[in-house]
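*Asks:* Have a look at the structure that comes next, please.
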Amino acid sequence: MSDLRPTRPVPFRGGGFSPERKRGVGLLVFVGLIGFLEFGTRVGFITNLTMPRPTDVFWTLVDLWRSGLLWKHLVPSVTRLIVGAILGASAGIGVGILIGLFSFIRAGLVPLVAAIFPIPKIALLPLFVIWFGIDETSKYALIAFGTFTPTVVATYGAVDNVDRGLIRMGQSFGLSWTSLVRKIVFPGALPGILSGLRVSLAIAIILLVAAEMLGAEYGIGAYILEAGSLYDLERLFAGVTILSILGVSVSVLIGQVERIFLGWR
Amino acid sequence: MDLLLKNISHSYGDTEVLRDISLDIPAGQIVCIVGPSGCGKSTLLRLIGGLEQPDRGQVLQVGSPPPGCLNPLTFVFQDFALLPWRTAAGNVSLVLEDHHLGKKKMQAIIDDVLKRTRLTEFRTALPRQLSGGMKQRVAIARALAVNPSVMLMDEPLSALDAQTRELLMDDIVDLWTRTPFTAVYVTHNLAEAVRLGHRIVVLSRRPGEICEIVDIDRALNRRALGDADLDAQQKYLWSLMRDQAIAADQELLDV
Ligand SMILES: Nc1ncnc2c1ncn2[C@@H]1O[C@H](COP(=O)(O)OP(=O)(O)OP(=O)(O)O)[C@@H](O)[C@H]1O
Ligand SMILES: [Mg+2]
């Protein structure tokens with residue numbers, strides 16, 4: 001007697017929800033989008049007035065590079081970004097760790113951080129100009145301040161999430177306080193700190209541009225502002241492209257740091 | 001170095017966890033603590049190890065730790081507590097680094113303890129690459145590295161499967177037979193208790209009080225699996241614990 005009951009494979013319901021590395025997909029999205037714009041502007045259903053043609057933007061960039069102006073704008077911008085972000089991020093990580101470790105500091109500083117977090121930092125630029133002068137220092141201060149708050153919040157959250165069992169273990173072996181912080185708390189918090197830095201550094205780029213728009217002779221922000229006021233869309237987009245490349249580079253850089261320091265995950 | 005617990009009582013808020021525990025932990029013996037779930041075994045161990053302070057009573061060290069002892073009271077945790085970003089050797093070296101022993105001495109200790117726990121080939125492996133049993137062996141190696149006077153083990157085998165547990169019990173017996181160490185070994189597994197304990201302390205349900213102390217005289221390396229005498233001891237312990245366990249269970253349901 002054969003079994004006539006219906007037989008079918010068990011449906012697959014697992015999978016997903018675990019990020020995998022897919023190479024080239026990001027690139028494909030960029031290429032697709034740019035290709036579409038190029039096609040649209042060439043065929044004509046996107047007019048030159050609404051969107052510049054990607055190839056024109058590209059040649060604008062090439063011109064910028066040939067004339068040497070690219071470096072004249074890029075070097076001060078990148079310097080401001082690096083100095084400001086390093087100042088803000090290291091202060092943020094330091095204060096965040098202190099908040100995570102000491103209840104007193106937490107009680108004192110968390111409300112303060114919550115109070116200054118939502119202030120659009122760019123509104124404070126005039127204040128920084130009065131304090132630090134019109135030159136570079138006020139820009140460093142603005143970028144540092146803007147990077148500082150999100151870094152603090154990410155860092156103390158990350159410290160709170162460090163496995164208490166590991167800290168107990170360290171204490172039970174009589175590790176010194178500095179060893180506990182350096183060898184258990186900091187490495188345990190590093191994943192959270194780095195993902196916080198992704199956000200903080202993006203904010204740093206936004207503030208960089210804003211600061212340069214408000215008063216700088218050279219810099220990507222100044223370049224974009226000038227192009228904007230002339231309604232020169234090609235140059236405007238050339239500037240925006242540089243910013244995007246800057247953003248992607250920062251993201252790639254953090255990805256590299258994660259791969260080196262978080263290989264244990 | 002012996003340990004002496006004198007009239008220890010402890011509460012968390014309104015919950016009285018331990019009541020009037022007095023106990024002698026002689027050097028060179030393994031003292032097992034068994035008791036129903038939630039009776040305060042882990043709490044007692046934390047009090048002994050100085051991770052918490054008892055409300056009343058004292059934990060006393062009698063005599064001084066042996067020379068070369070870096071951390072007299074050393075824990076082995078149920079969940080291993082290995083740093084996931086350090087290799088097996090790195091996890092051992094973590095507890096030596098603060099003692100300024102010099103590179104050579106430190107290397108020698110690490111090599112020695114990894115060899116004693118049969119982990120020499122895995123010295124560069126990260127915890128995530130190791131099985132549960134190996135992870136606990138790394139944790140034991142780390143504990144051995146500081147040459148403790150007393151090892152405080154909180155259900156060290158509970159996170160492992162039955163076969164691995166059997167093997168690791170043999171390892172612990174081997175380690176003890178070669179160089180006897182003192183240990184307080186918390187478990188809820190009576191088979192472990194009769195295999196490893198020179199003395200077994202049975203705690204009552206919460207608030208934990210000492211309900212009986214059973215001494216087992218037979219040498220550790222002569223306690224085989226399925227030994228009739230040990231089975232009898234285990235049955236006796238179970239009869240002590242069953243009522244407590246049932247009562248503890250009811251109590252939770254009443255809450
Ligand atoms: N830090 C703490 N704060 C408040 N209550 C606690 C704390 N630690 C333990 N307790 C309570 O104390 C009681 C004893 O806990 P403990 O972990 O010592 O029991 P245990 O015997 O180890 O139990 P198990 O067999 O489940 O490991 C429990 O009721 C627990 O809820
Ligand atoms: Mg416990």
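The way I read the labels, and the way they are meant: chains A, B, ... in the order of the structure tokens, residue 1 as the first residue of every chain, and ligand 1 as the first ligand shown, with later ones counted on from there.
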Within 12 Å of chain B, which residues of chain A come that close, and what is the closest atom pair and distance in Å for each? Count only C-alpha atoms and give it as CSV.
*Replies:*
residue,atom,partner,partner_atom,distance
A:Val162,CA,B:Leu83,CA,11.0
A:Asp163,CA,B:Ala81,CA,9.0
A:Arg164,CA,B:Ala81,CA,9.6
A:Gly165,CA,B:Ala81,CA,6.4
A:Leu166,CA,B:Ala81,CA,5.4
A:Ile167,CA,B:Ala81,CA,8.9
A:Arg168,CA,B:Leu51,CA,7.8
A:Met169,CA,B:Ala81,CA,6.5
A:Gly170,CA,B:Val95,CA,7.8
A:Gln171,CA,B:Leu51,CA,7.9
A:Ser172,CA,B:Thr74,CA,6.5
A:Phe173,CA,B:Asn71,CA,6.3
A:Gly174,CA,B:Asn71,CA,6.9
A:Leu175,CA,B:Asp98,CA,6.5
A:Ser176,CA,B:Asp98,CA,7.0
A:Trp177,CA,B:Asp98,CA,10.4
A:Thr178,CA,B:Asp98,CA,9.9
A:Ser179,CA,B:Asp98,CA,7.6
A:Leu180,CA,B:Leu94,CA,9.9
A:Arg182,CA,B:Leu94,CA,11.2
A:Lys183,CA,B:Leu94,CA,8.1
A:Ile184,CA,B:Leu83,CA,7.5
A:Val185,CA,B:Leu83,CA,10.5
A:Phe186,CA,B:Trp85,CA,11.3
A:Pro187,CA,B:Trp85,CA,7.7
A:Gly188,CA,B:Trp85,CA,8.4
A:Ala189,CA,B:Trp85,CA,11.6
A:Leu190,CA,B:Trp85,CA,10.8
A:Pro191,CA,B:Trp85,CA,11.3
A:Ile260,CA,B:Trp85,CA,11.5
A:Phe261,CA,B:Trp85,CA,8.7
A:Leu262,CA,B:Trp85,CA,7.6
A:Gly263,CA,B:Trp85,CA,8.0
A:Trp264,CA,B:Trp85,CA,5.1
A:Arg265,CA,B:Pro84,CA,7.5
*Asks:* Print the selection's residues with C-alpha atoms to a file, as a PDB file, in the first residue's frame.
*Replies:*
ATOM      1  CA  VAL A 162      30.309  46.588  28.102  1.00  0.00           C
ATOM      2  CA  ASP A 163      29.704  43.160  29.630  1.00  0.00           C
ATOM      3  CA  ARG A 164      29.707  43.681  33.422  1.00  0.00           C
ATOM      4  CA  GLY A 165      30.759  40.054  33.816  1.00  0.00           C
ATOM      5  CA  LEU A 166      34.073  40.866  32.144  1.00  0.00           C
ATOM      6  CA  ILE A 167      34.631  43.820  34.458  1.00  0.00           C
ATOM      7  CA  ARG A 168      33.829  41.632  37.501  1.00  0.00           C
ATOM      8  CA  MET A 169      36.326  39.125  36.157  1.00  0.00           C
ATOM      9  CA  GLY A 170      38.999  41.806  35.883  1.00  0.00           C
ATOM     10  CA  GLN A 171      38.312  42.961  39.426  1.00  0.00           C
ATOM     11  CA  SER A 172      38.400  39.406  40.741  1.00  0.00           C
ATOM     12  CA  PHE A 173      41.912  39.048  39.348  1.00  0.00           C
ATOM     13  CA  GLY A 174      42.969  42.243  41.053  1.00  0.00           C
ATOM     14  CA  LEU A 175      43.617  44.217  37.856  1.00  0.00           C
ATOM     15  CA  SER A 176      44.534  47.842  38.451  1.00  0.00           C
ATOM     16  CA  TRP A 177      41.939  50.462  37.635  1.00  0.00           C
ATOM     17  CA  THR A 178      43.876  51.677  34.594  1.00  0.00           C
ATOM     18  CA  SER A 179      44.220  48.123  33.309  1.00  0.00           C
ATOM     19  CA  LEU A 180      40.487  47.561  33.720  1.00  0.00           C
ATOM     20  CA  ARG A 182      42.434  50.191  29.082  1.00  0.00           C
ATOM     21  CA  LYS A 183      42.119  46.454  28.547  1.00  0.00           C
ATOM     22  CA  ILE A 184      38.457  45.697  29.232  1.00  0.00           C
ATOM     23  CA  VAL A 185      36.242  48.794  29.169  1.00  0.00           C
ATOM     24  CA  PHE A 186      37.796  50.558  26.187  1.00  0.00           C
ATOM     25  CA  PRO A 187      38.084  47.577  23.825  1.00  0.00           C
ATOM     26  CA  GLY A 188      34.610  46.459  24.870  1.00  0.00           C
ATOM     27  CA  ALA A 189      33.195  49.870  24.051  1.00  0.00           C
ATOM     28  CA  LEU A 190      35.134  50.287  20.797  1.00  0.00           C
ATOM     29  CA  PRO A 191      32.465  48.822  18.466  1.00  0.00           C
ATOM     30  CA  ILE A 260      41.699  46.097  11.921  1.00  0.00           C
ATOM     31  CA  PHE A 261      40.513  46.531  15.503  1.00  0.00           C
ATOM     32  CA  LEU A 262      37.280  44.554  15.539  1.00  0.00           C
ATOM     33  CA  GLY A 263      38.537  41.485  13.689  1.00  0.00           C
ATOM     34  CA  TRP A 264      37.699  39.447  16.797  1.00  0.00           C
ATOM     35  CA  ARG A 265      33.952  39.754  16.240  1.00  0.00           C
TER      36      ARG A 265
END
*Asks:* If we count only C-alpha atoms and set the cut-off at 12 Å, which residues sit around Ile86 in chain A, ignoring sequence neighbours fewer than 5 positions away in its own chain? Please answer as a list in words.
*Replies:*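 Once the nearby chain positions are removed, what remains is Val78, Thr79, Arg80, Leu81, Ala91, Gly92, Ile93, Gly94, Tyr140, Ala141, Ile143, Ala144, Phe145, Gly146, Thr147, Phe148, Thr151, Leu197, Ser200, Leu201 and Ala204 of chain A.
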*Asks:* List all protein, DNA and RNA residues that have at least one atom no more than 9 Å from any atom of ligand 1, counting only C-alpha atoms and all ligand atoms, and write them as a PDB file with N, CA and C atoms, in the first residue's frame.
*Replies:*
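As written to disk, selection.pdb reads:
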ATOM      1  N   SER B  11      21.542  40.015  52.915  1.00  0.00           N
ATOM      2  CA  SER B  11      20.238  40.259  52.291  1.00  0.00           C
ATOM      3  C   SER B  11      20.408  41.236  51.138  1.00  0.00           C
ATOM      4  N   TYR B  12      19.540  41.095  50.155  1.00  0.00           N
ATOM      5  CA  TYR B  12      19.418  42.133  49.128  1.00  0.00           C
ATOM      6  C   TYR B  12      18.088  42.821  49.372  1.00  0.00           C
ATOM      7  N   GLY B  13      18.101  44.027  49.842  1.00  0.00           N
ATOM      8  CA  GLY B  13      16.855  44.721  50.162  1.00  0.00           C
ATOM      9  C   GLY B  13      16.082  43.907  51.185  1.00  0.00           C
ATOM     10  N   THR B  15      14.964  40.823  50.593  1.00  0.00           N
ATOM     11  CA  THR B  15      15.157  39.381  50.450  1.00  0.00           C
ATOM     12  C   THR B  15      16.365  38.939  51.252  1.00  0.00           C
ATOM     13  N   GLU B  16      16.112  38.093  52.236  1.00  0.00           N
ATOM     14  CA  GLU B  16      17.207  37.525  52.995  1.00  0.00           C
ATOM     15  C   GLU B  16      17.746  36.357  52.169  1.00  0.00           C
ATOM     16  N   VAL B  17      19.025  36.407  51.841  1.00  0.00           N
ATOM     17  CA  VAL B  17      19.566  35.393  50.938  1.00  0.00           C
ATOM     18  C   VAL B  17      20.350  34.338  51.704  1.00  0.00           C
ATOM     19  N   LEU B  18      21.203  34.755  52.640  1.00  0.00           N
ATOM     20  CA  LEU B  18      22.009  33.801  53.399  1.00  0.00           C
ATOM     21  C   LEU B  18      21.800  34.052  54.879  1.00  0.00           C
ATOM     22  N   VAL B  34      26.248  22.733  47.281  1.00  0.00           N
ATOM     23  CA  VAL B  34      25.069  22.437  46.469  1.00  0.00           C
ATOM     24  C   VAL B  34      23.851  22.999  47.191  1.00  0.00           C
ATOM     25  N   GLY B  35      22.788  23.178  46.438  1.00  0.00           N
ATOM     26  CA  GLY B  35      21.583  23.723  47.040  1.00  0.00           C
ATOM     27  C   GLY B  35      20.605  24.078  45.949  1.00  0.00           C
ATOM     28  N   PRO B  36      19.330  24.227  46.296  1.00  0.00           N
ATOM     29  CA  PRO B  36      18.327  24.510  45.268  1.00  0.00           C
ATOM     30  C   PRO B  36      18.575  25.858  44.604  1.00  0.00           C
ATOM     31  N   SER B  37      17.984  26.014  43.452  1.00  0.00           N
ATOM     32  CA  SER B  37      18.159  27.229  42.664  1.00  0.00           C
ATOM     33  C   SER B  37      17.742  28.468  43.464  1.00  0.00           C
ATOM     34  N   GLY B  38      18.582  29.491  43.421  1.00  0.00           N
ATOM     35  CA  GLY B  38      18.231  30.746  44.080  1.00  0.00           C
ATOM     36  C   GLY B  38      18.478  30.759  45.578  1.00  0.00           C
ATOM     37  N   CYS B  39      19.215  29.771  46.106  1.00  0.00           N
ATOM     38  CA  CYS B  39      19.402  29.721  47.555  1.00  0.00           C
ATOM     39  C   CYS B  39      20.589  30.559  47.999  1.00  0.00           C
ATOM     40  N   GLY B  40      21.306  31.151  47.068  1.00  0.00           N
ATOM     41  CA  GLY B  40      22.376  32.062  47.458  1.00  0.00           C
ATOM     42  C   GLY B  40      23.778  31.492  47.296  1.00  0.00           C
ATOM     43  N   LYS B  41      23.936  30.467  46.475  1.00  0.00           N
ATOM     44  CA  LYS B  41      25.258  29.862  46.283  1.00  0.00           C
ATOM     45  C   LYS B  41      26.219  30.845  45.627  1.00  0.00           C
ATOM     46  N   SER B  42      25.759  31.453  44.557  1.00  0.00           N
ATOM     47  CA  SER B  42      26.632  32.409  43.865  1.00  0.00           C
ATOM     48  C   SER B  42      26.947  33.593  44.762  1.00  0.00           C
ATOM     49  N   THR B  43      25.950  34.017  45.531  1.00  0.00           N
ATOM     50  CA  THR B  43      26.159  35.132  46.454  1.00  0.00           C
ATOM     51  C   THR B  43      27.238  34.769  47.468  1.00  0.00           C
ATOM     52  N   LEU B  44      27.152  33.560  48.020  1.00  0.00           N
ATOM     53  CA  LEU B  44      28.134  33.118  49.001  1.00  0.00           C
ATOM     54  C   LEU B  44      29.537  33.160  48.396  1.00  0.00           C
ATOM     55  N   LEU B  45      29.642  32.702  47.151  1.00  0.00           N
ATOM     56  CA  LEU B  45      30.949  32.673  46.500  1.00  0.00           C
ATOM     57  C   LEU B  45      31.493  34.087  46.294  1.00  0.00           C
ATOM     58  N   ARG B  46      30.606  35.011  45.900  1.00  0.00           N
ATOM     59  CA  ARG B  46      31.055  36.395  45.719  1.00  0.00           C
ATOM     60  C   ARG B  46      31.510  36.991  47.040  1.00  0.00           C
ATOM     61  N   ASP B 154      32.171  28.891  40.160  1.00  0.00           N
ATOM     62  CA  ASP B 154      30.709  29.004  40.181  1.00  0.00           C
ATOM     63  C   ASP B 154      30.132  28.247  38.997  1.00  0.00           C
ATOM     64  N   GLU B 155      29.632  27.072  39.253  1.00  0.00           N
ATOM     65  CA  GLU B 155      29.064  26.215  38.213  1.00  0.00           C
ATOM     66  C   GLU B 155      29.918  26.236  36.948  1.00  0.00           C
ATOM     67  N   VAL B 186      30.876  25.578  43.414  1.00  0.00           N
ATOM     68  CA  VAL B 186      29.418  25.665  43.473  1.00  0.00           C
ATOM     69  C   VAL B 186      28.822  24.902  42.308  1.00  0.00           C
ATOM     70  N   THR B 187      27.812  24.103  42.581  1.00  0.00           N
ATOM     71  CA  THR B 187      27.167  23.376  41.491  1.00  0.00           C
ATOM     72  C   THR B 187      25.752  23.030  41.902  1.00  0.00           C
ATOM     73  N   HIS B 188      24.893  22.763  40.936  1.00  0.00           N
ATOM     74  CA  HIS B 188      23.600  22.189  41.298  1.00  0.00           C
ATOM     75  C   HIS B 188      23.539  20.747  40.836  1.00  0.00           C
ATOM     76  N   LEU B 203      23.062  23.389  51.103  1.00  0.00           N
ATOM     77  CA  LEU B 203      22.347  24.565  51.603  1.00  0.00           C
ATOM     78  C   LEU B 203      20.845  24.338  51.485  1.00  0.00           C
ATOM     79  N   ARG B 205      16.863  25.859  51.052  1.00  0.00           N
ATOM     80  CA  ARG B 205      16.320  26.873  50.147  1.00  0.00           C
ATOM     81  C   ARG B 205      16.424  28.249  50.809  1.00  0.00           C
ATOM     82  N   ARG B 206      16.173  29.294  50.001  1.00  0.00           N
ATOM     83  CA  ARG B 206      16.363  30.649  50.490  1.00  0.00           C
ATOM     84  C   ARG B 206      15.514  30.942  51.729  1.00  0.00           C
ATOM     85  N   PRO B 207      15.988  31.575  52.768  1.00  0.00           N
ATOM     86  CA  PRO B 207      17.372  32.011  52.960  1.00  0.00           C
ATOM     87  C   PRO B 207      18.303  30.822  53.210  1.00  0.00           C
ATOM     88  N   GLY B 208      19.416  30.782  52.493  1.00  0.00           N
ATOM     89  CA  GLY B 208      20.304  29.625  52.567  1.00  0.00           C
ATOM     90  C   GLY B 208      20.944  29.459  53.930  1.00  0.00           C
TER      91      GLY B 208
END
*Asks:* Would you mind telling me which residue in B:Ile33, B:Leu237, B:Leu4, B:Leu196 lies nearest to ligand 2 when using only C-alpha atoms and all ligand atoms?
*Replies:*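 Among the listed residues, the smallest separation from ligand 2 belongs to B:Ile33.
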*Asks:* Within range 1-232 of chain A, find each residue whose DSSP state, derived from the backbone, is alpha helix (DSSP H), and express the selection as a PyMOL selection string.
*Replies:* chain A and resi 25-43+54-66+69-101+103-116+125-132+136-160+164-172+177-179+186-214+220-229
